[in-house]
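Novice: Got a structure here, written out as structure tokens. Questions coming.
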Amino acid sequence: MSIGMSIVGVPPARRPRLGPALGLLGVALTAAVLIALSTGSIALPLDRVLSHLAQAIGLPGEPLGARDAAVLYTLRLPRIVLAAAVGVTLGVAGASLQAIFRNPLADPGLVGVSSGAAFAGSVTMMLGVAGLGLSRSGLSLSTLLPVTAFLGALAATILILALARRDGRCSATDMLLAGIAVNALGGAGIGLCSYLGDDQALRQMTFWMMGGFGGAGWTQIGPALVLMLAAIAGLLANARRLDLYALGERDAFLLGLEPHRFAVRTVLLVALGVGAAVAVSGLIGFVGLVVPHMIRLWLGPVHRRLLPATALAAATLLVLADTTARSIAAPADVPVGLLLGAVGAPVFLWLLRARGGRSFG
Amino acid sequence: MLQADQVSFAVAGRRLVDGVTVHLVPGRLLAILGPNGAGKSTLLALLSGERRPTGGAIRLDGRDLRELPPRLLARRRALVGQHPAAGFAFSVEEAITLAVETAPCSAADRRRLIADSLHAADAADLRDRLLPQLSGGESQRVAFARALAQLAAGALHRDGADGGPCLLLDEPTASLDPAHQHHLLRAARTWMERTGGACAVVLHDMTLAARYCDDALVLADGREAWSGPMSALPVPVLERVFATRFVRMPAPDGQGAVFATTGQPPSGLDSQFATDY
């Protein structure tokens, strides 16, 4: 596979053990969450947050005032949980797609899964609950959006699989090319929705597409959170089979895997998770690409190590990115998707350049 | 054991394998010989279950391969292919671990099994290297080690009711230096004796085949051109299917024979044909 190249990174004999690596990443995530809890327009000093959390679990400590506690539990915590969940979903989905495509540059955004979800989401926003003829169902937009976004992601996935499938096999190159076509199609659809939508829908759509966790409350994120957790659990359980698949479809079969069924199942799980993530947070790129890549350089490509480490690192990255996004130009809330795009694109280019000198394959 | 009866495989109207019958016998090393495009690799792909025959049937201990899920098949047969894939930067040890991970044994036993297989394939020194950084010959030794490890792990699953393992080797010596070519075929024989398994190997080197193989199956255009004991393989059969002259000499130590090619047209053809050629 000419495009299935890989950077080598830390030599296998010197790769760190998984336990300490995960411990390190866990500490980083905890620190990021604590920073995120105490940062914002209403300053909650870290020591007071810690003291409050300590007393909440029965340790000595002093509770926050009612207003501050409300800020903590109903404004910041859901937002942090959402950022972390989206991070884990995108990171694990990215790593899984990279194994399926046997290409470290595969990413939910790159192969069109995200834009399928975004297109379906745009249609939902343009038409609204009433426009879809569901006004009597009692569904809210926040319940409907994850479902339609998942359906959009699913449709895009099926389209990619159908376009790339020849003689019952999916070649990674064909899948990437099909992804480019699906991306273009999704982009055109989103454009059409913005053209047809009224001002309110247009504004809502535009901000949603930029990607961010603003306005996240427990009720809005609930349904998407459940879908994301289901997808994450399914993808994490795949680790060993992803390793086999990454060896190549033929080797995977020879070692006991049914490669085609497995690929389809994995891509469906990716669609489920990414659909839900896009529904609640819009388009957030590069996480699924850059984080697994970095972790692979550090811990190697074995997915039992890669997936959990990627999950923790991607959650940390998005919690920190969101904290930066809402404090960098406070009281304005910069869309985190824009922020990550501005930082992620150069990092991505740097990774591409770095491949040139040290690639194998 | 593994038996293919009158198997054919056609793709886009072209018959790559056409009515071939081959039975793998425990303890007898089978050489599959023939020119490029004769259907040798396709036959191995059929025997491994990777491809399904469009005619005839392949059975493992009497069960049709199509009925066996890949998971169970992987415990009984291994294939060393011609083009080992190198995608992500797995280390040699990690790649071999993938083949033995589900074995019902302790982690220490698994490590020993991997070490033994690497040693048998003379690849112990490659353990910490990365797959994409291996040379062609090194990749082949690692692929051979992985196949041995896979079958050793698969044997641990068995309850004794089944037959032995099957090892399929597709030009396993193509990128190896002469010493390693001999080492690999000796290792295949040792493996057969130790496990009671059967082994088929695609070879282009008739000297190697004559030295190490018990039986030969010669393919041409997807069909069987000759089959029988390797020691009885007639030179004219080789000259006919390969369309080149072969010289057969007794081996200095009496083991098998030494074959040489001279690049001349087959000796049995008249000069008229030779000039056309």
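Letters A, B, ... mark the chains of the structure tokens in the order given; residue numbers begin at 1 per chain; ligand numbers begin at 1, in order shown.
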Could you tell me which residues of chain B sit within 6 Å of chain A when counting only C-alpha atoms, and give me the result as a compact mmCIF listing (two decimals) with N, CA, C and O atoms, in the first residue's frame?

Specialist:
# COMPACT_ATOMS: atom_id res chain seq x y z
N PRO B 70 -13.10 -18.78 10.10
CA PRO B 70 -11.69 -18.43 10.06
C PRO B 70 -10.96 -18.69 11.38
O PRO B 70 -9.80 -19.10 11.38
N ARG B 71 -11.67 -18.48 12.47
CA ARG B 71 -11.07 -18.65 13.79
C ARG B 71 -10.58 -20.09 13.98
O ARG B 71 -9.48 -20.33 14.48
N ALA B 74 -7.73 -20.99 11.48
CA ALA B 74 -6.44 -20.41 11.85
C ALA B 74 -5.67 -21.30 12.82
O ALA B 74 -4.47 -21.17 12.96
N GLY B 87 2.44 -2.51 7.14
CA GLY B 87 1.69 -1.26 7.29
C GLY B 87 2.22 -0.48 8.47
O GLY B 87 3.21 0.22 8.36
N PHE B 88 1.58 -0.66 9.61
CA PHE B 88 2.01 0.04 10.81
C PHE B 88 3.29 -0.57 11.34
O PHE B 88 3.63 -1.71 11.03
N ALA B 89 3.98 0.22 12.17
CA ALA B 89 5.30 -0.18 12.63
C ALA B 89 5.23 -1.14 13.81
O ALA B 89 5.73 -0.86 14.89
N PRO B 132 8.30 -2.77 9.06
CA PRO B 132 8.60 -2.03 7.82
C PRO B 132 10.08 -1.86 7.55
O PRO B 132 10.46 -1.44 6.47

Novice: Need the shell around Ala251 in chain B: protein/DNA/RNA residues with any atom at most 10 Å away, counting only C-alpha atoms. Skip same-chain ones fewer than 5 positions apart. Format as a PyMOL selection string?

Specialist: chain B and resi 207+210-211+256-259

Novice: Would you mind exporting the chosen residues as a compact mmCIF listing (two decimals), in the first residue's frame, restricted to C-alpha atoms?

Specialist:
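selection-v5.txt was written with the following content:
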# COMPACT_ATOMS: atom_id res chain seq x y z
CA THR B 207 17.73 -28.75 -6.31
CA ALA B 210 14.84 -32.69 -4.79
CA ARG B 211 16.81 -32.47 -1.56
CA GLY B 256 18.31 -35.84 -3.92
CA ALA B 257 19.82 -34.37 -7.06
CA VAL B 258 21.37 -31.18 -8.35
CA PHE B 259 19.47 -29.41 -11.11

Novice: Could you pull out the strand (DSSP E or B) residues of range 16-254 of chain B, going by DSSP on the backbone, and write them as a CSV table (one decimal) with all heavy atoms, in the first residue's frame?

Specialist:
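Just written: result25.csv:
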chain,number,residue,atom,x,y,z
B,16,LEU,N,-7.8,-20.1,-13.4
B,16,LEU,CA,-6.4,-20.0,-12.9
B,16,LEU,C,-6.0,-21.4,-12.3
B,16,LEU,O,-4.8,-21.7,-12.4
B,16,LEU,CB,-6.3,-19.0,-11.8
B,16,LEU,CG,-6.7,-17.5,-12.2
B,16,LEU,CD1,-6.7,-16.6,-11.0
B,16,LEU,CD2,-5.8,-17.0,-13.3
B,17,VAL,N,-7.0,-22.1,-11.8
B,17,VAL,CA,-6.7,-23.5,-11.4
B,17,VAL,C,-7.8,-24.3,-12.0
B,17,VAL,O,-9.0,-23.9,-11.9
B,17,VAL,CB,-6.7,-23.6,-9.8
B,17,VAL,CG1,-6.7,-25.0,-9.4
B,17,VAL,CG2,-5.5,-22.8,-9.2
B,18,ASP,N,-7.4,-25.4,-12.6
B,18,ASP,CA,-8.4,-26.2,-13.4
B,18,ASP,C,-8.4,-27.7,-13.1
B,18,ASP,O,-7.5,-28.4,-13.5
B,18,ASP,CB,-8.1,-25.9,-14.9
B,18,ASP,CG,-9.2,-26.4,-15.8
B,18,ASP,OD1,-10.2,-27.0,-15.3
B,18,ASP,OD2,-9.1,-26.2,-17.0
B,19,GLY,N,-9.3,-28.1,-12.2
B,19,GLY,CA,-9.4,-29.5,-11.9
B,19,GLY,C,-8.2,-30.2,-11.3
B,19,GLY,O,-7.8,-31.2,-11.7
B,20,VAL,N,-7.6,-29.5,-10.3
B,20,VAL,CA,-6.4,-30.0,-9.6
B,20,VAL,C,-6.8,-30.8,-8.4
B,20,VAL,O,-7.7,-30.4,-7.6
B,20,VAL,CB,-5.5,-28.9,-9.2
B,20,VAL,CG1,-4.3,-29.4,-8.4
B,20,VAL,CG2,-4.9,-28.2,-10.5
B,21,THR,N,-6.2,-32.0,-8.2
B,21,THR,CA,-6.4,-32.8,-7.0
B,21,THR,C,-5.1,-32.9,-6.3
B,21,THR,O,-4.0,-33.2,-6.9
B,21,THR,CB,-6.8,-34.2,-7.4
B,21,THR,OG1,-8.1,-34.1,-8.0
B,21,THR,CG2,-6.9,-35.1,-6.2
B,22,VAL,N,-5.1,-32.5,-5.0
B,22,VAL,CA,-3.9,-32.6,-4.2
B,22,VAL,C,-4.3,-33.0,-2.8
B,22,VAL,O,-5.2,-32.4,-2.2
B,22,VAL,CB,-3.1,-31.3,-4.3
B,22,VAL,CG1,-3.9,-30.1,-3.9
B,22,VAL,CG2,-1.9,-31.4,-3.4
B,23,HIS,N,-3.6,-34.0,-2.2
B,23,HIS,CA,-3.8,-34.4,-0.9
B,23,HIS,C,-2.6,-34.2,-0.1
B,23,HIS,O,-1.5,-34.7,-0.4
B,23,HIS,CB,-4.2,-35.9,-0.8
B,23,HIS,CG,-5.5,-36.2,-1.4
B,23,HIS,ND1,-6.1,-37.4,-1.3
B,23,HIS,CD2,-6.4,-35.4,-2.1
B,23,HIS,CE1,-7.3,-37.4,-1.9
B,23,HIS,NE2,-7.5,-36.2,-2.5
B,29,LEU,N,6.7,-33.9,2.7
B,29,LEU,CA,6.8,-32.5,2.2
B,29,LEU,C,6.5,-32.5,0.7
B,29,LEU,O,7.1,-33.2,-0.1
B,29,LEU,CB,8.2,-32.0,2.5
B,29,LEU,CG,8.5,-30.5,2.2
B,29,LEU,CD1,7.5,-29.6,2.8
B,29,LEU,CD2,9.9,-30.2,2.7
B,30,LEU,N,5.5,-31.7,0.3
B,30,LEU,CA,5.1,-31.7,-1.1
B,30,LEU,C,5.6,-30.4,-1.7
B,30,LEU,O,5.4,-29.3,-1.3
B,30,LEU,CB,3.5,-31.7,-1.1
B,30,LEU,CG,2.9,-31.4,-2.5
B,30,LEU,CD1,3.1,-32.6,-3.4
B,30,LEU,CD2,1.4,-31.0,-2.4
B,31,ALA,N,6.3,-30.6,-2.9
B,31,ALA,CA,6.7,-29.5,-3.6
B,31,ALA,C,5.7,-29.2,-4.7
B,31,ALA,O,5.2,-30.1,-5.4
B,31,ALA,CB,8.1,-29.8,-4.3
B,32,ILE,N,5.3,-27.9,-4.8
B,32,ILE,CA,4.4,-27.5,-5.9
B,32,ILE,C,5.3,-26.7,-6.9
B,32,ILE,O,5.9,-25.6,-6.5
B,32,ILE,CB,3.3,-26.6,-5.4
B,32,ILE,CG1,2.4,-27.5,-4.4
B,32,ILE,CG2,2.4,-26.1,-6.5
B,32,ILE,CD1,1.3,-26.8,-3.7
B,33,LEU,N,5.4,-27.2,-8.1
B,33,LEU,CA,6.4,-26.6,-9.0
B,33,LEU,C,5.6,-26.2,-10.3
B,33,LEU,O,4.5,-26.6,-10.5
B,33,LEU,CB,7.4,-27.7,-9.5
B,33,LEU,CG,8.1,-28.5,-8.3
B,33,LEU,CD1,8.9,-29.7,-8.9
B,33,LEU,CD2,9.0,-27.6,-7.5
B,55,GLY,N,-15.1,-24.6,-8.4
B,55,GLY,CA,-15.5,-26.0,-8.7
B,55,GLY,C,-14.7,-26.9,-7.8
B,55,GLY,O,-13.6,-26.6,-7.4
B,56,GLY,N,-15.3,-28.1,-7.6
B,56,GLY,CA,-14.6,-29.0,-6.7
B,56,GLY,C,-14.7,-28.6,-5.2
B,56,GLY,O,-15.4,-27.7,-4.9
B,57,ALA,N,-14.0,-29.4,-4.4
B,57,ALA,CA,-14.2,-29.1,-2.9
B,57,ALA,C,-12.8,-29.3,-2.2
B,57,ALA,O,-12.0,-30.1,-2.7
B,57,ALA,CB,-15.2,-30.0,-2.3
B,58,ILE,N,-12.7,-28.6,-1.2
B,58,ILE,CA,-11.5,-28.7,-0.3
B,58,ILE,C,-11.9,-29.1,1.1
B,58,ILE,O,-12.8,-28.5,1.6
B,58,ILE,CB,-10.6,-27.4,-0.3
B,58,ILE,CG1,-10.2,-27.1,-1.7
B,58,ILE,CG2,-9.4,-27.6,0.6
B,58,ILE,CD1,-9.5,-25.8,-1.8
B,59,ARG,N,-11.3,-30.2,1.6
B,59,ARG,CA,-11.8,-30.6,2.9
B,59,ARG,C,-10.6,-30.7,3.8
B,59,ARG,O,-9.5,-31.1,3.5
B,59,ARG,CB,-12.4,-32.0,2.8
B,59,ARG,CG,-13.7,-32.0,2.0
B,59,ARG,CD,-14.4,-33.3,2.1
B,59,ARG,NE,-15.6,-33.3,1.2
B,59,ARG,CZ,-15.6,-33.5,-0.1
B,59,ARG,NH1,-14.4,-33.7,-0.7
B,59,ARG,NH2,-16.7,-33.4,-0.8
B,60,LEU,N,-10.9,-30.4,5.1
B,60,LEU,CA,-9.9,-30.6,6.2
B,60,LEU,C,-10.5,-31.6,7.1
B,60,LEU,O,-11.6,-31.4,7.7
B,60,LEU,CB,-9.7,-29.2,6.9
B,60,LEU,CG,-8.7,-29.2,8.0
B,60,LEU,CD1,-7.3,-29.5,7.5
B,60,LEU,CD2,-8.7,-27.8,8.7
B,63,ARG,N,-14.1,-32.2,6.5
B,63,ARG,CA,-15.1,-31.1,6.6
B,63,ARG,C,-14.8,-30.1,5.5
B,63,ARG,O,-13.6,-29.7,5.3
B,63,ARG,CB,-15.0,-30.4,7.9
B,63,ARG,CG,-15.8,-31.2,9.0
B,63,ARG,CD,-15.7,-30.4,10.3
B,63,ARG,NE,-16.6,-29.2,10.3
B,63,ARG,CZ,-16.7,-28.3,11.3
B,63,ARG,NH1,-15.9,-28.4,12.3
B,63,ARG,NH2,-17.5,-27.3,11.2
B,64,ASP,N,-15.8,-29.6,4.8
B,64,ASP,CA,-15.6,-28.6,3.8
B,64,ASP,C,-15.1,-27.3,4.4
B,64,ASP,O,-15.5,-26.9,5.4
B,64,ASP,CB,-16.9,-28.3,3.1
B,64,ASP,CG,-16.7,-27.6,1.7
B,64,ASP,OD1,-16.1,-26.5,1.7
B,64,ASP,OD2,-17.1,-28.2,0.7
B,77,ARG,N,-4.2,-24.3,10.1
B,77,ARG,CA,-3.4,-24.1,8.9
B,77,ARG,C,-2.8,-22.7,8.9
B,77,ARG,O,-3.4,-21.8,9.4
B,77,ARG,CB,-4.1,-24.4,7.6
B,77,ARG,CG,-5.2,-23.4,7.3
B,77,ARG,CD,-4.7,-22.1,6.5
B,77,ARG,NE,-5.8,-21.2,6.4
B,77,ARG,CZ,-6.1,-20.3,7.3
B,77,ARG,NH1,-5.3,-20.1,8.4
B,77,ARG,NH2,-7.1,-19.4,7.1
B,78,ALA,N,-1.6,-22.6,8.4
B,78,ALA,CA,-0.9,-21.3,8.3
B,78,ALA,C,-0.4,-21.2,6.9
B,78,ALA,O,0.0,-22.2,6.3
B,78,ALA,CB,0.2,-21.2,9.3
B,79,LEU,N,-0.3,-20.0,6.4
B,79,LEU,CA,0.2,-19.8,5.1
B,79,LEU,C,1.3,-18.7,5.1
B,79,LEU,O,1.1,-17.6,5.8
B,79,LEU,CB,-0.9,-19.3,4.1
B,79,LEU,CG,-0.5,-18.8,2.7
B,79,LEU,CD1,-0.1,-19.9,1.8
B,79,LEU,CD2,-1.7,-18.0,2.1
B,80,VAL,N,2.4,-18.9,4.6
B,80,VAL,CA,3.4,-17.9,4.4
B,80,VAL,C,3.3,-17.4,3.0
B,80,VAL,O,3.6,-18.1,2.1
B,80,VAL,CB,4.8,-18.4,4.8
B,80,VAL,CG1,5.9,-17.4,4.5
B,80,VAL,CG2,4.9,-18.9,6.2
B,91,SER,N,6.5,-4.2,15.9
B,91,SER,CA,7.8,-4.9,16.1
B,91,SER,C,7.5,-6.4,15.7
B,91,SER,O,6.4,-6.8,15.7
B,91,SER,CB,8.3,-4.8,17.5
B,91,SER,OG,7.6,-5.6,18.3
B,130,LEU,N,11.4,-3.5,13.6
B,130,LEU,CA,10.1,-3.2,13.1
B,130,LEU,C,9.8,-3.8,11.8
B,130,LEU,O,10.7,-3.8,10.9
B,130,LEU,CB,10.0,-1.7,13.1
B,130,LEU,CG,10.1,-0.9,14.4
B,130,LEU,CD1,10.3,0.6,14.2
B,130,LEU,CD2,9.0,-1.3,15.3
B,166,CYS,N,-1.4,-27.9,9.2
B,166,CYS,CA,-1.0,-27.8,7.8
B,166,CYS,C,-0.2,-26.5,7.6
B,166,CYS,O,-0.7,-25.5,7.9
B,166,CYS,CB,-2.2,-27.8,6.8
B,166,CYS,SG,-3.1,-29.3,6.9
B,167,LEU,N,0.9,-26.7,7.0
B,167,LEU,CA,1.8,-25.5,6.8
B,167,LEU,C,1.9,-25.3,5.3
B,167,LEU,O,2.3,-26.2,4.5
B,167,LEU,CB,3.1,-25.7,7.4
B,167,LEU,CG,4.2,-24.6,7.3
B,167,LEU,CD1,3.6,-23.3,8.0
B,167,LEU,CD2,5.4,-25.0,8.1
B,168,LEU,N,1.5,-24.1,4.8
B,168,LEU,CA,1.5,-23.8,3.3
B,168,LEU,C,2.5,-22.7,3.1
B,168,LEU,O,2.4,-21.6,3.7
B,168,LEU,CB,0.1,-23.4,2.9
B,168,LEU,CG,-1.0,-24.3,3.2
B,168,LEU,CD1,-2.4,-23.7,2.9
B,168,LEU,CD2,-0.9,-25.6,2.4
B,169,LEU,N,3.5,-23.0,2.3
B,169,LEU,CA,4.6,-22.0,2.1
B,169,LEU,C,4.6,-21.6,0.6
B,169,LEU,O,4.8,-22.5,-0.3
B,169,LEU,CB,5.9,-22.6,2.5
B,169,LEU,CG,6.0,-23.2,3.9
B,169,LEU,CD1,7.3,-24.0,4.1
B,169,LEU,CD2,5.9,-22.1,4.9
B,170,ASP,N,4.4,-20.3,0.3
B,170,ASP,CA,4.4,-19.8,-1.0
B,170,ASP,C,5.8,-19.2,-1.4
B,170,ASP,O,6.0,-18.0,-0.9
B,170,ASP,CB,3.3,-18.8,-1.2
B,170,ASP,CG,3.0,-18.6,-2.7
B,170,ASP,OD1,3.7,-19.1,-3.5
B,170,ASP,OD2,2.1,-17.8,-3.0
B,198,ALA,N,1.5,-31.6,8.1
B,198,ALA,CA,1.7,-31.7,6.6
B,198,ALA,C,2.2,-30.4,6.1
B,198,ALA,O,1.8,-29.3,6.6
B,198,ALA,CB,0.5,-32.2,5.9
B,199,CYS,N,2.9,-30.4,5.0
B,199,CYS,CA,3.5,-29.1,4.5
B,199,CYS,C,3.6,-29.2,3.0
B,199,CYS,O,4.0,-30.2,2.4
B,199,CYS,CB,4.9,-28.9,5.1
B,199,CYS,SG,5.6,-27.4,4.6
B,200,ALA,N,3.1,-28.1,2.4
B,200,ALA,CA,3.3,-27.9,0.9
B,200,ALA,C,4.1,-26.7,0.7
B,200,ALA,O,3.9,-25.7,1.3
B,200,ALA,CB,1.9,-27.8,0.2
B,201,VAL,N,5.0,-26.8,-0.3
B,201,VAL,CA,5.9,-25.6,-0.5
B,201,VAL,C,6.0,-25.3,-2.0
B,201,VAL,O,6.3,-26.3,-2.8
B,201,VAL,CB,7.2,-25.8,0.2
B,201,VAL,CG1,7.9,-27.1,-0.2
B,201,VAL,CG2,8.2,-24.6,-0.1
B,202,VAL,N,5.8,-24.1,-2.4
B,202,VAL,CA,6.0,-23.7,-3.8
B,202,VAL,C,7.5,-23.3,-3.9
B,202,VAL,O,8.0,-22.5,-3.1
B,202,VAL,CB,5.1,-22.5,-4.1
B,202,VAL,CG1,5.5,-22.0,-5.5
B,202,VAL,CG2,3.7,-22.8,-4.1
B,215,ASP,N,7.3,-35.4,-2.3
B,215,ASP,CA,6.4,-35.5,-3.4
B,215,ASP,C,6.5,-34.2,-4.2
B,215,ASP,O,6.9,-33.2,-3.7
B,215,ASP,CB,5.0,-35.8,-3.0
B,215,ASP,CG,4.9,-37.1,-2.2
B,215,ASP,OD1,5.4,-38.1,-2.7
B,215,ASP,OD2,4.4,-37.0,-1.1
B,216,ALA,N,6.0,-34.3,-5.5
B,216,ALA,CA,6.0,-33.1,-6.3
B,216,ALA,C,4.7,-33.1,-7.1
B,216,ALA,O,4.1,-34.1,-7.5
B,216,ALA,CB,7.1,-33.1,-7.3
B,217,LEU,N,4.2,-31.8,-7.2
B,217,LEU,CA,3.0,-31.6,-8.1
B,217,LEU,C,3.4,-30.5,-9.0
B,217,LEU,O,3.8,-29.4,-8.6
B,217,LEU,CB,1.8,-31.1,-7.2
B,217,LEU,CG,0.6,-30.5,-8.0
B,217,LEU,CD1,-0.1,-31.6,-8.8
B,217,LEU,CD2,-0.4,-29.9,-7.1
B,218,VAL,N,3.5,-30.9,-10.3
B,218,VAL,CA,3.9,-29.9,-11.3
B,218,VAL,C,2.6,-29.3,-12.0
B,218,VAL,O,1.8,-30.0,-12.5
B,218,VAL,CB,4.8,-30.5,-12.4
B,218,VAL,CG1,5.3,-29.5,-13.4
B,218,VAL,CG2,6.0,-31.2,-11.7
B,219,LEU,N,2.5,-28.0,-11.9
B,219,LEU,CA,1.4,-27.3,-12.5
B,219,LEU,C,1.8,-26.6,-13.8
B,219,LEU,O,2.9,-26.0,-13.9
B,219,LEU,CB,0.8,-26.3,-11.6
B,219,LEU,CG,0.1,-26.8,-10.3
B,219,LEU,CD1,-0.5,-25.6,-9.5
B,219,LEU,CD2,-1.1,-27.7,-10.6
B,220,ALA,N,0.9,-26.6,-14.8
B,220,ALA,CA,1.1,-25.7,-16.0
B,220,ALA,C,-0.3,-25.3,-16.4
B,220,ALA,O,-1.2,-26.1,-16.5
B,220,ALA,CB,1.8,-26.5,-17.1
B,223,ARG,N,-3.4,-26.5,-14.7
B,223,ARG,CA,-3.7,-28.0,-14.6
B,223,ARG,C,-2.5,-28.7,-14.1
B,223,ARG,O,-1.3,-28.3,-14.1
B,223,ARG,CB,-4.0,-28.5,-16.0
B,223,ARG,CG,-5.2,-27.9,-16.6
B,223,ARG,CD,-5.8,-28.8,-17.7
B,223,ARG,NE,-6.8,-28.0,-18.4
B,223,ARG,CZ,-6.6,-27.2,-19.4
B,223,ARG,NH1,-5.4,-27.1,-19.9
B,223,ARG,NH2,-7.6,-26.6,-19.9
B,224,GLU,N,-2.8,-30.0,-13.6
B,224,GLU,CA,-1.7,-30.8,-13.2
B,224,GLU,C,-0.9,-31.4,-14.4
B,224,GLU,O,-1.5,-31.9,-15.3
B,224,GLU,CB,-2.3,-32.0,-12.4
B,224,GLU,CG,-1.2,-33.0,-12.0
B,224,GLU,CD,-1.8,-34.2,-11.3
B,224,GLU,OE1,-2.7,-34.1,-10.5
B,224,GLU,OE2,-1.4,-35.3,-11.7
B,225,ALA,N,0.4,-31.1,-14.4
B,225,ALA,CA,1.2,-31.6,-15.5
B,225,ALA,C,1.8,-33.0,-15.2
B,225,ALA,O,2.1,-33.8,-16.0
B,225,ALA,CB,2.2,-30.6,-16.0
B,226,TRP,N,2.1,-33.1,-13.9
B,226,TRP,CA,2.7,-34.3,-13.4
B,226,TRP,C,2.6,-34.4,-11.9
B,226,TRP,O,2.6,-33.3,-11.2
B,226,TRP,CB,4.2,-34.4,-13.8
B,226,TRP,CG,4.9,-35.7,-13.5
B,226,TRP,CD1,4.9,-36.8,-14.3
B,226,TRP,CD2,5.6,-36.1,-12.3
B,226,TRP,NE1,5.6,-37.8,-13.7
B,226,TRP,CE2,6.0,-37.4,-12.5
B,226,TRP,CE3,5.9,-35.4,-11.1
B,226,TRP,CZ2,6.7,-38.1,-11.5
B,226,TRP,CZ3,6.6,-36.1,-10.2
B,226,TRP,CH2,7.0,-37.4,-10.4
B,227,SER,N,2.4,-35.5,-11.3
B,227,SER,CA,2.5,-35.6,-9.9
B,227,SER,C,3.1,-37.0,-9.5
B,227,SER,O,2.9,-38.0,-10.2
B,227,SER,CB,1.2,-35.4,-9.2
B,227,SER,OG,0.4,-36.5,-9.3
B,228,GLY,N,3.8,-37.1,-8.4
B,228,GLY,CA,4.4,-38.3,-8.0
B,228,GLY,C,5.5,-38.0,-7.0
B,228,GLY,O,5.7,-36.9,-6.6
B,229,PRO,N,6.3,-39.1,-6.7
B,229,PRO,CA,7.5,-38.8,-5.8
B,229,PRO,C,8.5,-37.9,-6.5
B,229,PRO,O,8.8,-38.1,-7.7
B,229,PRO,CB,8.0,-40.3,-5.6
B,229,PRO,CG,7.0,-41.2,-6.2
B,229,PRO,CD,6.2,-40.4,-7.1
B,246,PHE,N,16.9,-28.4,-18.7
B,246,PHE,CA,17.4,-28.7,-17.4
B,246,PHE,C,18.4,-29.8,-17.5
B,246,PHE,O,18.4,-30.7,-18.3
B,246,PHE,CB,16.2,-29.3,-16.6
B,246,PHE,CG,15.3,-28.2,-15.9
B,246,PHE,CD1,14.3,-27.5,-16.7
B,246,PHE,CD2,15.6,-27.8,-14.6
B,246,PHE,CE1,13.6,-26.5,-16.0
B,246,PHE,CE2,14.8,-26.8,-14.0
B,246,PHE,CZ,13.8,-26.2,-14.7
B,247,VAL,N,19.4,-29.7,-16.6
B,247,VAL,CA,20.4,-30.8,-16.5
B,247,VAL,C,20.3,-31.3,-15.1
B,247,VAL,O,20.3,-30.6,-14.1
B,247,VAL,CB,21.8,-30.2,-16.7
B,247,VAL,CG1,22.9,-31.3,-16.6
B,247,VAL,CG2,21.9,-29.5,-18.1
B,248,ARG,N,20.2,-32.6,-15.0
B,248,ARG,CA,20.1,-33.2,-13.7
B,248,ARG,C,21.4,-34.1,-13.4
B,248,ARG,O,21.8,-34.9,-14.2
B,248,ARG,CB,18.9,-34.2,-13.7
B,248,ARG,CG,18.7,-34.9,-12.4
B,248,ARG,CD,17.6,-36.0,-12.6
B,248,ARG,NE,17.4,-36.7,-11.3
B,248,ARG,CZ,16.2,-36.8,-10.8
B,248,ARG,NH1,15.1,-36.3,-11.3
B,248,ARG,NH2,16.1,-37.4,-9.6
B,249,MET,N,21.9,-33.8,-12.2
B,249,MET,CA,23.2,-34.5,-11.8
B,249,MET,C,23.0,-35.1,-10.4
B,249,MET,O,22.2,-34.6,-9.6
B,249,MET,CB,24.3,-33.5,-11.7
B,249,MET,CG,24.7,-32.9,-13.1
B,249,MET,SD,25.7,-31.4,-12.9
B,249,MET,CE,24.5,-30.2,-12.5
B,250,PRO,N,23.6,-36.2,-10.1
B,250,PRO,CA,23.5,-36.8,-8.8
B,250,PRO,C,24.1,-35.8,-7.7
B,250,PRO,O,25.1,-35.2,-8.0
B,250,PRO,CB,24.3,-38.1,-8.9
B,250,PRO,CG,25.2,-38.0,-10.1
B,250,PRO,CD,24.5,-37.0,-11.0

Novice: Under the rule that only C-alpha atoms are counted, which of B:Leu134, B:Leu113, B:Ala152, B:Ala108 is the nearest residue to Arg75 in chain B?

Specialist: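 Of the candidates, the smallest distance to Arg75 in chain B is held by B:Ala152.
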
Novice: List the neighbours of Leu235 in chain A out to 12 Å using only C-alpha atoms; skip same-chain residues closer than 6 positions along the sequence, and give me the result as an MDAnalysis selection string.

Specialist: chainID A and resid 88:97 99:100 228:229 241:242 262:263 265:274 303:304 306:308 311

Novice: Please provide as a ChimeraX atom specification all residues within 10 Å of Glu239 in chain B, with the sequence filter that same-chain residues fewer than 2 positions apart are discarded (counting only C-alpha atoms).

Specialist: /B:234-237,241-247,261,265-269

Novice: Need the shell around His157 in chain B: protein/DNA/RNA residues with any atom at most 12 Å away, counting only C-alpha atoms. Skip same-chain ones fewer than 4 positions apart. Format as a PyMOL selection string?

Specialist: chain B and resi 71-76+100+102-105+150-153+161-162+164-165

Novice: Just how far from CA of Leu25 in chain A is CA of Leu46 in chain A, in Å to one decimal?

Specialist: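 Separation between CA of Leu46 in chain A and CA of Leu25 in chain A: 20.2 Å.
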
Novice: Could you jot down the CA of Lys40 in chain B to CA of Leu98 in chain B separation for me, Å, one decimal place?

Specialist: 27.4 Å

Novice: Write down as number ranges by chain the residues of range 45-266 of chain B whose backbone DSSP state falls under helix (DSSP H, G or I).

Specialist: B: 45-48, 65-67, 70-76, 92-100, 107-120, 124-126, 131-133, 136-157, 178-195, 206-212, 230-232, 235-242
